[in-house]
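Source file: final_28.cif. Holds: mmCIF, C-alpha atoms.
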data_protein
#
loop_
_atom_site.label_atom_id
_atom_site.label_comp_id
_atom_site.auth_asym_id
_atom_site.auth_seq_id
_atom_site.Cartn_x
_atom_site.Cartn_y
_atom_site.Cartn_z
CA MET Z 1 79.68 114.96 83.56
CA SER Z 2 81.47 115.25 86.90
CA PRO Z 3 84.60 113.12 87.46
CA PRO Z 4 82.83 110.77 89.93
CA ASP Z 5 79.97 110.36 87.44
CA ALA Z 6 82.49 109.62 84.68
CA LEU Z 7 84.06 106.98 86.91
CA ARG Z 8 80.68 105.41 87.56
CA ALA Z 9 79.98 105.31 83.83
CA PHE Z 10 83.38 103.72 83.21
CA ILE Z 11 82.74 100.99 85.77
CA GLU Z 12 79.19 100.32 84.59
CA ARG Z 13 80.10 99.87 80.93
CA HIS Z 14 82.71 97.17 81.59
CA GLU Z 15 81.73 93.64 82.52
CA ARG Z 16 85.08 92.22 83.64
CA LEU Z 17 87.28 94.65 85.50
CA PHE Z 18 90.85 94.04 86.59
CA VAL Z 19 91.23 96.15 89.75
CA LEU Z 20 94.62 97.22 91.08
CA THR Z 21 94.67 98.82 94.53
CA GLY Z 22 97.21 100.63 96.67
CA ALA Z 23 97.76 102.36 99.98
CA GLY Z 24 95.11 105.02 99.33
CA CYS Z 25 92.47 102.35 99.91
CA SER Z 26 93.54 101.86 103.52
CA THR Z 27 94.36 105.33 104.81
CA ALA Z 28 90.75 105.73 106.00
CA SER Z 29 91.30 102.58 108.07
CA GLY Z 30 94.09 104.33 109.97
CA ILE Z 31 97.02 102.89 108.01
CA PRO Z 32 99.36 105.67 106.79
CA ASP Z 33 100.62 105.71 103.21
CA TYR Z 34 104.18 106.19 101.99
CA ARG Z 35 103.85 108.89 99.33
CA ASP Z 36 102.62 112.44 98.89
CA ALA Z 37 100.42 113.82 96.10
CA ASP Z 38 103.43 114.11 93.79
CA GLY Z 39 104.40 110.47 94.33
CA GLY Z 40 107.41 111.35 96.50
CA TRP Z 41 108.34 109.71 99.78
CA LYS Z 42 106.79 111.21 102.91
CA ARG Z 43 109.43 109.59 105.11
CA ALA Z 44 112.57 107.48 104.87
CA GLN Z 45 112.26 104.64 102.41
CA PRO Z 46 111.30 101.23 103.85
CA VAL Z 47 113.93 98.69 104.83
CA THR Z 48 115.35 96.67 101.94
CA TYR Z 49 115.43 92.90 101.71
CA GLN Z 50 119.22 92.97 101.51
CA ALA Z 51 119.58 95.00 104.70
CA PHE Z 52 117.04 92.90 106.61
CA MET Z 53 118.68 89.61 105.68
CA GLY Z 54 122.26 90.83 105.95
CA GLU Z 55 122.26 92.84 109.19
CA ALA Z 56 121.14 91.65 112.62
CA ALA Z 57 120.91 95.29 113.72
CA THR Z 58 118.40 96.00 110.94
CA ARG Z 59 116.29 93.03 112.00
CA ARG Z 60 116.30 94.22 115.63
CA ARG Z 61 115.20 97.69 114.54
CA TYR Z 62 112.50 96.33 112.23
CA TRP Z 63 110.95 93.93 114.74
CA ALA Z 64 111.11 96.42 117.64
CA ARG Z 65 109.19 98.98 115.64
CA SER Z 66 106.83 96.28 114.40
CA LEU Z 67 106.13 95.10 117.95
CA VAL Z 68 104.80 98.58 118.75
CA GLY Z 69 103.11 99.18 115.39
CA TRP Z 70 101.33 95.84 115.17
CA ARG Z 71 98.99 96.66 118.05
CA HIS Z 72 97.34 99.30 115.84
CA PHE Z 73 97.85 97.74 112.43
CA GLY Z 74 96.47 94.39 113.50
CA GLN Z 75 93.21 96.01 114.64
CA ALA Z 76 92.52 97.95 111.41
CA LYS Z 77 89.08 97.41 109.89
CA PRO Z 78 87.87 97.70 106.28
CA ASN Z 79 86.50 101.04 105.20
CA GLY Z 80 84.02 102.10 102.51
CA THR Z 81 86.50 101.55 99.67
CA HIS Z 82 87.06 97.92 100.64
CA HIS Z 83 83.32 97.32 100.99
CA ALA Z 84 82.58 98.96 97.64
CA LEU Z 85 85.07 96.74 95.81
CA ALA Z 86 83.71 93.67 97.58
CA ALA Z 87 80.25 94.70 96.35
CA LEU Z 88 81.60 95.04 92.81
CA GLU Z 89 82.85 91.46 92.99
CA ALA Z 90 79.51 90.28 94.37
CA GLN Z 91 77.86 91.80 91.29
CA GLY Z 92 80.00 89.51 89.14
CA ARG Z 93 81.83 92.33 87.41
CA LEU Z 94 85.27 92.08 88.97
CA GLY Z 95 87.55 89.48 87.41
CA LEU Z 96 90.43 89.98 89.84
CA LEU Z 97 91.50 92.38 92.55
CA LEU Z 98 95.28 92.73 92.63
CA THR Z 99 96.35 94.64 95.73
CA GLN Z 100 99.73 96.11 96.54
CA ASN Z 101 98.64 96.38 100.18
CA VAL Z 102 99.70 93.87 102.81
CA ASP Z 103 96.88 94.46 105.30
CA GLY Z 104 94.31 91.85 104.23
CA LEU Z 105 91.48 94.38 104.45
CA HIS Z 106 90.01 93.52 101.05
CA GLN Z 107 89.47 89.94 102.22
CA ALA Z 108 88.15 91.16 105.56
CA ALA Z 109 85.52 93.16 103.64
CA GLY Z 110 84.42 90.04 101.75
CA SER Z 111 86.48 90.09 98.54
CA GLN Z 112 87.52 86.61 97.44
CA GLN Z 113 89.14 87.04 94.03
CA VAL Z 114 92.22 88.70 95.50
CA ILE Z 115 95.94 88.38 94.85
CA ASP Z 116 98.17 89.94 97.50
CA LEU Z 117 100.95 91.06 95.15
CA HIS Z 118 103.31 91.96 97.98
CA GLY Z 119 102.20 89.30 100.46
CA ARG Z 120 100.49 89.62 103.84
CA LEU Z 121 101.81 91.18 107.03
CA ASP Z 122 99.67 88.91 109.21
CA GLN Z 123 101.98 85.99 108.48
CA VAL Z 124 105.64 85.42 109.36
CA ARG Z 125 107.92 83.26 107.24
CA CYS Z 126 111.09 81.39 108.19
CA MET Z 127 113.77 82.06 105.60
CA GLY Z 128 115.41 78.75 106.50
CA CYS Z 129 112.77 76.02 106.61
CA GLU Z 130 109.88 78.01 105.00
CA ALA Z 131 107.61 77.45 108.03
CA ARG Z 132 104.83 80.03 108.50
CA LEU Z 133 103.29 81.27 111.71
CA PRO Z 134 100.60 83.86 112.43
CA ARG Z 135 101.88 87.36 113.11
CA GLY Z 136 99.71 87.53 116.23
CA GLU Z 137 101.48 84.46 117.60
CA PHE Z 138 104.86 86.00 116.86
CA GLN Z 139 103.73 89.20 118.61
CA HIS Z 140 103.39 87.19 121.83
CA ALA Z 141 106.91 85.82 121.36
CA LEU Z 142 108.31 89.31 120.76
CA GLU Z 143 106.61 90.68 123.88
CA ALA Z 144 107.74 87.73 126.01
CA ALA Z 145 111.35 88.24 124.90
CA ASN Z 146 111.18 92.04 125.33
CA PRO Z 147 108.80 92.81 128.22
CA ASP Z 148 110.01 96.41 128.58
CA TRP Z 149 108.74 97.14 125.07
CA ALA Z 150 105.25 95.76 125.58
CA ALA Z 151 103.76 98.98 126.96
CA LEU Z 152 105.45 101.41 124.55
CA ASP Z 153 103.38 103.43 122.12
CA ALA Z 154 104.41 105.63 119.21
CA GLY Z 155 103.15 107.34 116.10
CA GLN Z 156 102.02 105.02 113.35
CA ALA Z 157 103.97 104.55 110.14
CA PRO Z 158 103.01 102.58 106.99
CA ASP Z 159 102.64 98.80 107.02
CA GLY Z 160 102.64 98.22 110.76
CA ASP Z 161 105.76 100.27 111.44
CA ALA Z 162 106.04 102.76 114.31
CA ASP Z 163 108.07 105.95 114.69
CA LEU Z 164 110.73 105.18 117.31
CA GLU Z 165 113.59 107.26 115.96
CA GLN Z 166 115.22 107.99 119.33
CA ALA Z 167 115.06 104.46 120.69
CA SER Z 168 118.04 102.14 121.08
CA PHE Z 169 117.54 98.68 119.63
CA ASP Z 170 120.85 97.20 120.76
CA ASP Z 171 119.31 94.99 123.46
CA PHE Z 172 116.16 94.03 121.58
CA VAL Z 173 115.78 90.25 121.25
CA VAL Z 174 114.41 88.81 118.01
CA PRO Z 175 113.15 85.23 118.51
CA ALA Z 176 114.35 82.67 115.97
CA CYS Z 177 112.20 80.19 114.09
CA PRO Z 178 110.77 77.73 116.65
CA HIS Z 179 111.24 74.88 114.15
CA CYS Z 180 114.79 75.34 112.84
CA GLY Z 181 116.28 78.42 114.50
CA GLY Z 182 116.28 80.34 111.22
CA VAL Z 183 115.67 84.02 110.49
CA LEU Z 184 112.03 85.07 110.65
CA LYS Z 185 110.75 87.70 108.21
CA PRO Z 186 107.26 89.08 107.61
CA ASP Z 187 105.78 87.23 104.65
CA VAL Z 188 105.78 90.34 102.47
CA VAL Z 189 107.88 91.46 99.53
CA PHE Z 190 110.44 93.99 100.73
CA PHE Z 191 112.02 96.62 98.51
CA GLY Z 192 114.83 94.89 96.62
CA GLU Z 193 113.00 91.55 96.70
CA ASN Z 194 111.21 89.98 93.74
CA VAL Z 195 107.51 89.22 93.69
CA PRO Z 196 107.13 85.41 93.32
CA ARG Z 197 106.78 84.52 89.63
CA PRO Z 198 103.66 82.34 90.03
CA ARG Z 199 101.88 85.29 91.65
CA VAL Z 200 102.80 87.56 88.75
CA ALA Z 201 101.78 84.94 86.19
CA GLN Z 202 98.38 84.47 87.83
CA ALA Z 203 97.74 88.21 87.73
CA GLN Z 204 98.88 88.47 84.12
CA ALA Z 205 96.51 85.67 83.13
CA ALA Z 206 93.61 87.52 84.76
CA LEU Z 207 94.57 90.74 82.99
CA GLU Z 208 94.36 88.98 79.64
CA GLN Z 209 90.72 88.11 80.41
CA ALA Z 210 89.76 91.63 81.48
CA ASP Z 211 88.00 94.26 79.40
CA ALA Z 212 89.24 97.26 81.43
CA VAL Z 213 91.50 98.18 84.34
CA LEU Z 214 90.55 100.22 87.41
CA VAL Z 215 93.33 101.57 89.64
CA VAL Z 216 92.18 102.60 93.13
CA GLY Z 217 94.36 104.46 95.63
CA SER Z 218 97.75 103.96 94.02
CA SER Z 219 100.36 106.31 92.59
CA LEU Z 220 101.82 103.28 90.75
CA MET Z 221 105.33 104.47 91.57
CA VAL Z 222 106.42 100.92 92.38
CA TYR Z 223 107.16 99.02 89.18
CA SER Z 224 105.65 95.74 90.41
CA GLY Z 225 102.21 97.37 90.18
CA PHE Z 226 102.87 99.82 87.34
CA ARG Z 227 103.83 97.05 84.93
CA PHE Z 228 100.25 95.76 84.90
CA VAL Z 229 99.02 99.14 83.67
CA GLN Z 230 101.76 99.11 81.05
CA ALA Z 231 100.61 95.65 79.96
CA ALA Z 232 96.99 96.81 79.83
CA ALA Z 233 97.96 99.73 77.60
CA ARG Z 234 99.81 97.38 75.25
CA GLN Z 235 96.66 95.24 75.07
CA GLY Z 236 94.58 98.30 74.23
CA LEU Z 237 92.54 98.09 77.43
CA PRO Z 238 91.01 101.29 78.83
CA VAL Z 239 92.47 102.24 82.22
CA ALA Z 240 90.82 104.46 84.84
CA ALA Z 241 92.56 105.64 88.00
CA LEU Z 242 90.92 106.88 91.18
CA ASN Z 243 93.74 108.51 93.10
CA ARG Z 244 94.60 111.87 94.63
CA GLY Z 245 97.70 113.33 92.99
CA ARG Z 246 100.08 112.23 90.29
CA THR Z 247 100.47 108.63 89.18
CA ARG Z 248 103.29 107.08 87.22
CA ALA Z 249 100.73 106.03 84.59
CA ASP Z 250 99.08 109.40 83.94
CA ALA Z 251 100.03 109.30 80.26
CA LEU Z 252 98.42 105.86 79.86
CA LEU Z 253 95.07 106.63 81.49
CA THR Z 254 91.71 106.77 79.77
CA LEU Z 255 90.19 108.47 82.82
CA LYS Z 256 91.64 109.96 85.98
CA VAL Z 257 89.56 110.94 88.99
CA GLU Z 258 91.19 112.77 91.90
CA HIS Z 259 88.61 112.17 94.58
CA ASP Z 260 88.15 110.40 97.89
CA CYS Z 261 88.08 106.69 97.05
CA ALA Z 262 85.18 105.70 99.31
CA ASP Z 263 83.03 108.64 98.23
CA ALA Z 264 83.64 108.04 94.52
CA LEU Z 265 82.76 104.35 94.86
CA ARG Z 266 79.86 104.80 97.25
CA PHE Z 267 77.32 104.01 94.51
CA LEU Z 268 78.53 100.38 94.57
CA GLN Z 269 77.62 99.81 98.20
CA PRO Z 270 74.23 98.60 99.45
CA ALA Z 271 71.97 101.40 100.68
CA THR Z 272 71.89 99.92 104.19
CA ARG Z 273 75.65 100.31 104.44
CA HIS Z 274 75.48 103.97 103.30
CA ALA Z 275 73.45 104.79 106.39
CA THR Z 276 76.01 103.28 108.77
CA GLN Z 277 79.15 104.93 107.45
#

What's the structure tokens form of this structure?
Amino acid sequence: MSPPDALRAFIERHERLFVLTGAGCSTASGIPDYRDADGGWKRAQPVTYQAFMGEAATRRRYWARSLVGWRHFGQAKPNGTHHALAALEAQGRLGLLLTQNVDGLHQAAGSQQVIDLHGRLDQVRCMGCEARLPRGEFQHALEAANPDWAALDAGQAPDGDADLEQASFDDFVVPACPHCGGVLKPDVVFFGENVPRPRVAQAQAALEQADAVLVVGSSLMVYSGFRFVQAAARQGLPVAALNRGRTRADALLTLKVEHDCADALRFLQPATRHATQ
């Protein structure tokens, strides 16, 4: 049996799957990933929560790069992987989709039983008064405060970032919260920041009701995602991973398939969609 056929058999013999997804789901949508096939960093590590909150210069650099990167990131569309997993949910065989991505593409494809483990980049949060505002609205504020940056373009980096290594950010203006004047941060979990406990508890409760785990497009190098595979192994649940290259959980896997995610899951999609992709 070929690896894709083994994956299909794995999915078809389990009635309540807990699905954990990562950056490999969204690369076909034009969103770069962070890691190579060995699980190592392809570029400098992302900004930490401590640096973002503690240094105005870090916030200027982050939001300047985000101003440029958002124009591409905000227009990304779901690809075949997202549609396949939405179809799996529509069949009633997906208990929960836990995604480490912050792009909202699973929901855009029609998935409803989704937990955004690391938050959503399309929302901005005030760290003072907890107000939220749409990232698109904040984009307008960034461009109004920094008109010389509005026409810049650059290579795309993961999670709405842009490669602007030679730029000076000293004069970049970061608007404050319109409600209280506080620091605005994307409503995502940065490195060095904890995932909210209620979010973790909700995912753990869903895992306890699952009969198997399917990992799609993740090396599981980040502990916040890896711990759910550890928990599944302790529960005796079979775990399959669809991912190119090494994962942190290789020793815990029942099945590993190194294959293009959309191709391997194509059997889940309606025939009419096959013809259009």

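Residue membership of the PyMOL selection byres ((chain Z and resi 242) around 7) in the shown file amounts to Val215, Val216, Gly217, Ala240, Ala241, Asn243, Lys256, Val257, Glu258, His259 and Cys261 of chain Z.
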
On this structure, the PyMOL selection byres ((chain Z and resi 135-142) around 10) would catch which residues? List them as a PyMOL selection string, sorted by chain and number. chain Z and resi 63-64+66-68+70-71+74+120-125+132-134+143-147+149-150+172-177+184+186-187

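From atom CA of Asp263 of chain Z back to atom CA of His72 of chain Z, the distance works out to 24.5 Å.
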
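Distances here use all atoms listed in the file; by that measure, the residue among Z:Ile115, Z:Val229, Z:Leu268, Z:Cys126 closest to Pro196 of chain Z is Z:Ile115.
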
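Distances here use only C-alpha atoms; by that measure, the residue among Z:Cys129, Z:Leu94, Z:Leu237, Z:Val195 closest to Glu208 of chain Z is Z:Leu237.
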
Report as a ChimeraX atom specification the full result of the PyMOL selection byres ((chain Z and resi 262) around 8) when it is applied to this structure. /Z:79-81,84,260-261,263-266

Tell me, counting all atoms listed in the file, for each residue of segment 45-117 of chain Z within 12 Å of segment 218-222 of chain Z, which pair of atoms is nearest and how far apart they are in Å to one decimal, in rows ordered by chain and increasing number, as a Markdown table.
| residue | atom | partner | partner_atom | distance |
| --- | --- | --- | --- | --- |
| Z:Leu98 | CA | Z:Ser218 | CA | 11.6 |
| Z:Thr99 | CA | Z:Ser218 | CA | 9.6 |
| Z:Gln100 | CA | Z:Ser218 | CA | 8.5 |
| Z:Asn101 | CA | Z:Ser218 | CA | 9.8 |
| Z:Leu117 | CA | Z:Val222 | CA | 11.6 |

Draw an axis-aligned box tight on the listed atoms of segment 94-104 of chain Z, then pad every side by 3 Å and write out centre and edge lengths in Å to one decimal as lines of an AutoDock Vina configuration file.
center_x = 92.5
center_y = 92.9
center_z = 96.4
size_x = 20.5
size_y = 12.9
size_z = 23.9
